[in-house]
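Worksheet for the structure shown next.
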Amino acid sequence: MNDLTDATELIPLIDDDVVDDGEFVGAHLGEGGLDLPIDLSEDEAQGRLDKALAARLTDVSRARLQALIGLGALSLDGAVVTEPASKAVAGHYVLHVPALVAAEPAPEPIPLTVLFEDAHLIVIDKPAGMAAHPSPGCVSGTLVNALLHHCAGSLSGVGGVARPGIVHRLDKDTSGVMVAAKTDAAHAGLSALFAAHDLERVYIALTRGAPDPMRGTIATRIGRSRFDRKKMAVLRSGGREAVTHYAVERRFGPPERPVAARVACRLETGRTHQIRVHLASKGAPCLGDPVYGSGAPAAAVRAAMAQAGLARQALHAAVLGFRHPITGQNLRFVTAPPADMAALENALGEH
């Protein structure tokens with residue numbers, strides 16, 4: 001079988017989500033961390049302070065830099081500077097990047113749609129709007145918080161403090177089937193399935209226009225955008241190999257120039273935002289995608305989106321199939337797109 005993932009990778013114990021570009025959850029300037037010296041020359045001290053420093057600190061985003069300055073992590077010739085928008089002046093700066101300790105997530109009585117559960121693992125249909133695990137700026141209301149309550153302490157701890165049981169993830173606003181481990185043995189077994197791409201995953205997307213041809217394979221390299229660190233992009237070099245197989249299941253509008261489409265996606269790899277990036281690269285981004293959906297849909301499509309109340313990217317993880325890592329049982333779960341996507345598809349068919 002093939003791995004058909006979107007925004008779904010094996011999760012290392014430390015990755016971008018632990019220290020994100022933006023807010024620092026529970027951060028404080030105490031023991032530990034790293035001091036970064038920056039000597040700003042007269043020529044470099046132009047305009048805003050955060051912008052001048054960001055030009056020197058290429059590995060630190062401007063948003064993260066602003067947050068650190070606001071925490072009092074920056075000094076100029078020994079004096080603390082706390083205003084990111086102040087005018088840059090030449091001198092010797094020191095930026096203290098504190099060692100962040102993730103807060104331990106708390107159980108929360110959040111209702112879950114459970115598709116399967118035994119002593120080893122649990123499969124759920126994740127709603128759009130729910131993050132898989134806590135991260136800076138999103139410390140509650142996540143799947144992990146819900147699972148900690150539902151499973152009452154039986155989740156595998158291999159995923160780390162902030163993400164017990166989590167083996168893979170979906171974007172916060174992508175709905176669909178996810179599996180979580182309840183034991184360390186199941187966690188190891190599921191992780192091996194993802195690493196070997198030995199599972200079945202199918203996603204349904206509603207797109208602006210339709211990819212051409214109707215069926216095909218998109219093979220590129222995907223990595224972080226060189227222009228926007230919060231976005232992924234197709235790269236000519238670097239990044240990681242990404243392969244998506246797609247098939248247009250239904251087109252809406254004139255056959256020669258459809259205004260929207262329903263597309264099934266199957267991936268051989270599971271890079272961050274892979275389906276969203278690949279469909280956008282074909283000129284057919286997911287409808288409602290706030291990051292990769294550049295260009296306005298046709299008026300009829302906009303009307304259908306408003307009628308359906310779509311407020312996120314129209315992407316749903318519809319199928320998950322795998323061999324149970326402990327019992328060996330073949331499991332396969334299929335869920336229909338949720339109400340917003342179903343309503344949008346119906347509305348598109350009416351226009």
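Order determines the names: the first chain of the structure tokens is A, the second B, and so forth; residues in each chain are numbered 1 upward, and ligands are numbered 1 upward as they are shown.
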Practice task
Extract the full set of helix (DSSP H, G or I) residues from range 9-220 of chain A according to DSSP on the backbone, and format it as number ranges by chain.
Solution key: A: 49-56, 62-70, 143-151, 184-195
Residue subset to file, keeping N, CA and C atoms, as a CSV table (one decimal), in the first residue's frame:
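Contents of part.csv, freshly written:
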chain,number,residue,atom,x,y,z
A,49,LEU,N,14.4,48.8,14.2
A,49,LEU,CA,15.3,47.9,14.9
A,49,LEU,C,15.1,46.4,14.5
A,50,ASP,N,13.9,46.0,14.6
A,50,ASP,CA,13.6,44.6,14.3
A,50,ASP,C,14.0,44.2,12.9
A,51,LYS,N,13.7,45.1,11.9
A,51,LYS,CA,14.0,44.8,10.5
A,51,LYS,C,15.5,44.8,10.3
A,52,ALA,N,16.3,45.7,11.0
A,52,ALA,CA,17.7,45.7,10.8
A,52,ALA,C,18.4,44.5,11.4
A,53,LEU,N,17.9,44.0,12.6
A,53,LEU,CA,18.4,42.8,13.2
A,53,LEU,C,18.0,41.6,12.4
A,54,ALA,N,16.8,41.6,11.9
A,54,ALA,CA,16.4,40.4,11.1
A,54,ALA,C,17.2,40.2,9.9
A,55,ALA,N,17.7,41.3,9.3
A,55,ALA,CA,18.6,41.2,8.1
A,55,ALA,C,19.9,40.5,8.5
A,56,ARG,N,20.3,40.6,9.7
A,56,ARG,CA,21.5,39.9,10.2
A,56,ARG,C,21.3,38.5,10.7
A,62,ARG,N,11.5,37.4,11.6
A,62,ARG,CA,11.2,38.7,12.2
A,62,ARG,C,10.1,38.7,13.3
A,63,ALA,N,9.1,37.8,13.1
A,63,ALA,CA,8.0,37.7,14.1
A,63,ALA,C,8.6,37.1,15.4
A,64,ARG,N,9.5,36.1,15.3
A,64,ARG,CA,10.1,35.6,16.5
A,64,ARG,C,11.0,36.6,17.2
A,65,LEU,N,11.7,37.3,16.4
A,65,LEU,CA,12.6,38.4,16.9
A,65,LEU,C,11.7,39.4,17.7
A,66,GLN,N,10.6,39.8,17.1
A,66,GLN,CA,9.8,40.8,17.8
A,66,GLN,C,9.3,40.3,19.1
A,67,ALA,N,8.9,39.0,19.2
A,67,ALA,CA,8.4,38.4,20.4
A,67,ALA,C,9.5,38.4,21.5
A,68,LEU,N,10.7,38.0,21.0
A,68,LEU,CA,11.9,38.0,22.0
A,68,LEU,C,12.2,39.4,22.5
A,69,ILE,N,12.2,40.4,21.6
A,69,ILE,CA,12.4,41.8,22.1
A,69,ILE,C,11.4,42.2,23.1
A,70,GLY,N,10.1,41.9,22.8
A,70,GLY,CA,9.1,42.2,23.8
A,70,GLY,C,9.2,41.5,25.1
A,143,LEU,N,-6.4,18.0,19.7
A,143,LEU,CA,-6.7,16.5,19.8
A,143,LEU,C,-6.0,15.9,21.0
A,144,VAL,N,-4.8,16.3,21.2
A,144,VAL,CA,-4.1,15.7,22.4
A,144,VAL,C,-4.8,16.0,23.7
A,145,ASN,N,-5.3,17.2,23.9
A,145,ASN,CA,-6.1,17.5,25.1
A,145,ASN,C,-7.3,16.6,25.2
A,146,ALA,N,-8.0,16.4,24.0
A,146,ALA,CA,-9.2,15.6,24.0
A,146,ALA,C,-8.8,14.1,24.3
A,147,LEU,N,-7.8,13.6,23.7
A,147,LEU,CA,-7.4,12.2,23.9
A,147,LEU,C,-6.9,12.0,25.4
A,148,LEU,N,-6.2,12.9,26.0
A,148,LEU,CA,-5.8,12.8,27.4
A,148,LEU,C,-7.0,12.6,28.3
A,149,HIS,N,-8.1,13.2,28.0
A,149,HIS,CA,-9.3,13.1,28.8
A,149,HIS,C,-10.0,11.7,28.4
A,150,HIS,N,-10.1,11.5,27.1
A,150,HIS,CA,-10.8,10.3,26.7
A,150,HIS,C,-10.1,9.0,27.1
A,151,CYS,N,-8.8,9.0,26.9
A,151,CYS,CA,-8.0,7.8,27.2
A,151,CYS,C,-7.6,7.7,28.7
A,184,ASP,N,3.2,2.3,23.9
A,184,ASP,CA,4.5,2.6,23.2
A,184,ASP,C,4.7,1.6,22.1
A,185,ALA,N,4.3,0.3,22.2
A,185,ALA,CA,4.5,-0.7,21.2
A,185,ALA,C,3.7,-0.3,20.0
A,186,ALA,N,2.4,0.2,20.2
A,186,ALA,CA,1.6,0.6,19.0
A,186,ALA,C,2.2,1.8,18.4
A,187,HIS,N,2.8,2.7,19.2
A,187,HIS,CA,3.4,3.9,18.6
A,187,HIS,C,4.6,3.6,17.7
A,188,ALA,N,5.4,2.6,18.2
A,188,ALA,CA,6.5,2.2,17.4
A,188,ALA,C,6.1,1.5,16.1
A,189,GLY,N,5.0,0.7,16.2
A,189,GLY,CA,4.5,0.0,15.0
A,189,GLY,C,3.9,0.9,14.0
A,190,LEU,N,3.1,1.9,14.5
A,190,LEU,CA,2.5,2.9,13.6
A,190,LEU,C,3.5,3.7,12.9
A,191,SER,N,4.5,4.2,13.7
A,191,SER,CA,5.6,5.0,13.2
A,191,SER,C,6.3,4.2,12.0
A,192,ALA,N,6.5,2.9,12.2
A,192,ALA,CA,7.2,2.1,11.2
A,192,ALA,C,6.3,2.1,9.9
A,193,LEU,N,5.0,2.0,10.0
A,193,LEU,CA,4.1,2.0,8.9
A,193,LEU,C,4.3,3.3,8.1
A,194,PHE,N,4.3,4.4,8.8
A,194,PHE,CA,4.4,5.7,8.1
A,194,PHE,C,5.8,5.9,7.5
A,195,ALA,N,6.8,5.4,8.2
A,195,ALA,CA,8.2,5.5,7.6
A,195,ALA,C,8.3,4.7,6.3
If we count only C-alpha atoms, what is near range 169-177 of chain A at a cut-off of 7 Å, once residues fewer than 5 positions away on the same chain are taken out, given as a tab-separated table (two decimals) with C-alpha atoms, in the first residue's frame?
chain	number	residue	atom	x	y	z
A	6	ASP	CA	-1.11	15.63	3.50
A	7	ALA	CA	0.52	17.74	6.15
A	8	THR	CA	1.22	14.42	7.76
A	9	GLU	CA	4.77	13.42	8.59
A	123	VAL	CA	-8.88	6.16	15.32
A	124	ILE	CA	-10.90	9.37	15.20
A	125	ASP	CA	-12.53	11.64	12.63
A	126	LYS	CA	-10.88	14.98	13.41
A	127	PRO	CA	-13.02	18.05	12.82
A	128	ALA	CA	-11.71	21.10	11.00
A	129	GLY	CA	-10.51	23.75	13.44
A	130	MET	CA	-8.88	21.29	15.86
A	131	ALA	CA	-5.07	21.25	16.00
A	132	ALA	CA	-3.45	17.84	16.40
A	312	ARG	CA	-11.22	26.90	5.72
A	313	GLN	CA	-9.42	24.99	2.99
A	315	LEU	CA	-9.60	19.37	2.17
A	316	HIS	CA	-10.65	16.18	3.94
A	317	ALA	CA	-8.68	13.04	4.87
A	318	ALA	CA	-11.30	10.56	3.70
A	319	VAL	CA	-9.60	7.16	3.89
A	320	LEU	CA	-7.14	5.57	6.28
Exercise for the section: Would you mind writing down, as a ChimeraX atom specification, each residue of range 175-283 of chain A that DSSP on the backbone assigns to strand (DSSP E or B)? Expected result: /A:175-181,200-208,215-224,232-235,240-252,260-267
Output N, CA and C atoms of each residue in that selection to a file, as a short mmCIF file (atom, residue, chain, number, x, y, z; two decimals), in the first residue's frame.
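The file below, part-v7.cif, is the result:
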data_model
loop_
_atom_site.label_atom_id
_atom_site.label_comp_id
_atom_site.auth_asym_id
_atom_site.auth_seq_id
_atom_site.Cartn_x
_atom_site.Cartn_y
_atom_site.Cartn_z
N SER A 175 -9.90 18.41 7.85
CA SER A 175 -10.68 17.43 8.60
C SER A 175 -10.30 16.02 8.17
N GLY A 176 -10.72 15.04 8.98
CA GLY A 176 -10.57 13.66 8.53
C GLY A 176 -9.96 12.70 9.51
N VAL A 177 -9.63 11.52 9.01
CA VAL A 177 -9.26 10.38 9.83
C VAL A 177 -7.82 10.50 10.33
N MET A 178 -7.64 10.27 11.62
CA MET A 178 -6.32 10.22 12.25
C MET A 178 -6.27 9.03 13.19
N VAL A 179 -5.07 8.51 13.39
CA VAL A 179 -4.85 7.44 14.35
C VAL A 179 -3.87 7.91 15.41
N ALA A 180 -4.08 7.49 16.65
CA ALA A 180 -3.16 7.80 17.75
C ALA A 180 -2.86 6.53 18.52
N ALA A 181 -1.66 6.46 19.06
CA ALA A 181 -1.23 5.27 19.79
C ALA A 181 -1.56 5.39 21.27
N GLU A 200 -2.68 3.16 3.60
CA GLU A 200 -3.49 3.77 2.57
C GLU A 200 -4.11 5.06 3.11
N ARG A 201 -3.97 6.13 2.32
CA ARG A 201 -4.61 7.39 2.67
C ARG A 201 -5.11 8.08 1.42
N VAL A 202 -6.34 8.50 1.46
CA VAL A 202 -6.93 9.22 0.35
C VAL A 202 -7.55 10.50 0.88
N TYR A 203 -7.30 11.59 0.20
CA TYR A 203 -7.84 12.89 0.57
C TYR A 203 -8.75 13.39 -0.54
N ILE A 204 -9.81 14.10 -0.16
CA ILE A 204 -10.70 14.73 -1.11
C ILE A 204 -10.53 16.24 -1.01
N ALA A 205 -10.31 16.88 -2.15
CA ALA A 205 -10.17 18.33 -2.20
C ALA A 205 -11.19 18.90 -3.17
N LEU A 206 -11.73 20.06 -2.83
CA LEU A 206 -12.53 20.86 -3.75
C LEU A 206 -11.65 22.03 -4.17
N THR A 207 -11.43 22.16 -5.48
CA THR A 207 -10.42 23.08 -5.97
C THR A 207 -11.00 24.19 -6.83
N ARG A 208 -10.25 25.28 -6.91
CA ARG A 208 -10.56 26.35 -7.86
C ARG A 208 -10.09 25.90 -9.24
N ARG A 215 -6.06 13.33 -14.75
CA ARG A 215 -5.39 12.36 -13.87
C ARG A 215 -3.90 12.48 -14.09
N GLY A 216 -3.13 12.43 -13.01
CA GLY A 216 -1.70 12.54 -13.20
C GLY A 216 -0.92 12.40 -11.91
N THR A 217 0.37 12.62 -12.03
CA THR A 217 1.28 12.57 -10.89
C THR A 217 2.09 13.86 -10.85
N ILE A 218 2.17 14.45 -9.67
CA ILE A 218 2.98 15.64 -9.47
C ILE A 218 4.20 15.23 -8.65
N ALA A 219 5.37 15.37 -9.23
CA ALA A 219 6.61 14.99 -8.55
C ALA A 219 7.53 16.21 -8.51
N THR A 220 7.79 16.71 -7.31
CA THR A 220 8.63 17.90 -7.14
C THR A 220 9.46 17.73 -5.87
N ARG A 221 10.14 18.79 -5.52
CA ARG A 221 10.76 18.91 -4.22
C ARG A 221 10.03 20.00 -3.45
N ILE A 222 9.72 19.75 -2.19
CA ILE A 222 9.00 20.72 -1.37
C ILE A 222 9.84 21.07 -0.16
N GLY A 223 9.90 22.34 0.14
CA GLY A 223 10.62 22.81 1.32
C GLY A 223 10.04 24.15 1.74
N ARG A 224 10.62 24.73 2.78
CA ARG A 224 10.13 26.01 3.25
C ARG A 224 10.39 27.10 2.22
N MET A 232 5.20 26.62 2.69
CA MET A 232 6.01 25.65 1.96
C MET A 232 5.92 25.98 0.48
N ALA A 233 6.87 25.47 -0.30
CA ALA A 233 6.89 25.82 -1.72
C ALA A 233 7.56 24.71 -2.52
N VAL A 234 7.24 24.67 -3.80
CA VAL A 234 7.96 23.79 -4.73
C VAL A 234 9.32 24.42 -4.99
N LEU A 235 10.37 23.63 -4.81
CA LEU A 235 11.74 24.14 -4.96
C LEU A 235 12.44 23.45 -6.12
N ARG A 240 12.63 18.38 0.12
CA ARG A 240 12.50 16.92 0.12
C ARG A 240 11.62 16.49 -1.03
N GLU A 241 11.87 15.29 -1.53
CA GLU A 241 11.08 14.76 -2.63
C GLU A 241 9.61 14.64 -2.21
N ALA A 242 8.71 15.03 -3.10
CA ALA A 242 7.29 14.95 -2.83
C ALA A 242 6.56 14.46 -4.07
N VAL A 243 5.76 13.42 -3.91
CA VAL A 243 5.05 12.82 -5.05
C VAL A 243 3.57 12.68 -4.70
N THR A 244 2.73 13.26 -5.54
CA THR A 244 1.28 13.23 -5.37
C THR A 244 0.62 12.64 -6.61
N HIS A 245 -0.24 11.65 -6.43
CA HIS A 245 -1.07 11.14 -7.52
C HIS A 245 -2.47 11.71 -7.33
N TYR A 246 -3.07 12.20 -8.40
CA TYR A 246 -4.39 12.81 -8.27
C TYR A 246 -5.30 12.34 -9.39
N ALA A 247 -6.60 12.46 -9.14
CA ALA A 247 -7.61 12.14 -10.16
C ALA A 247 -8.79 13.07 -9.95
N VAL A 248 -9.19 13.76 -11.02
CA VAL A 248 -10.37 14.63 -10.96
C VAL A 248 -11.61 13.74 -11.02
N GLU A 249 -12.43 13.80 -9.97
CA GLU A 249 -13.62 12.96 -9.90
C GLU A 249 -14.86 13.66 -10.46
N ARG A 250 -14.86 14.98 -10.40
CA ARG A 250 -16.02 15.73 -10.87
C ARG A 250 -15.59 17.15 -11.20
N ARG A 251 -16.11 17.69 -12.30
CA ARG A 251 -15.83 19.07 -12.67
C ARG A 251 -17.12 19.88 -12.63
N PHE A 252 -17.00 21.15 -12.28
CA PHE A 252 -18.14 22.04 -12.22
C PHE A 252 -17.93 23.19 -13.20
N ALA A 260 -14.50 24.79 -10.93
CA ALA A 260 -14.16 24.08 -9.69
C ALA A 260 -14.14 22.59 -9.98
N ALA A 261 -13.59 21.82 -9.04
CA ALA A 261 -13.51 20.38 -9.23
C ALA A 261 -13.41 19.67 -7.89
N ARG A 262 -13.81 18.42 -7.90
CA ARG A 262 -13.58 17.51 -6.77
C ARG A 262 -12.42 16.61 -7.19
N VAL A 263 -11.37 16.59 -6.38
CA VAL A 263 -10.14 15.88 -6.74
C VAL A 263 -9.75 14.92 -5.62
N ALA A 264 -9.49 13.67 -5.98
CA ALA A 264 -8.98 12.68 -5.02
C ALA A 264 -7.46 12.67 -5.12
N CYS A 265 -6.80 12.70 -3.99
CA CYS A 265 -5.33 12.77 -3.96
C CYS A 265 -4.75 11.61 -3.17
N ARG A 266 -3.75 11.00 -3.74
CA ARG A 266 -3.01 9.92 -3.08
C ARG A 266 -1.54 10.27 -3.15
N LEU A 267 -0.86 10.19 -2.00
CA LEU A 267 0.54 10.61 -1.97
C LEU A 267 1.48 9.47 -1.64
#
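When CA of Asn346 in chain A is paired with CA of Gly321 in chain A, their separation reads 27.4 Å.
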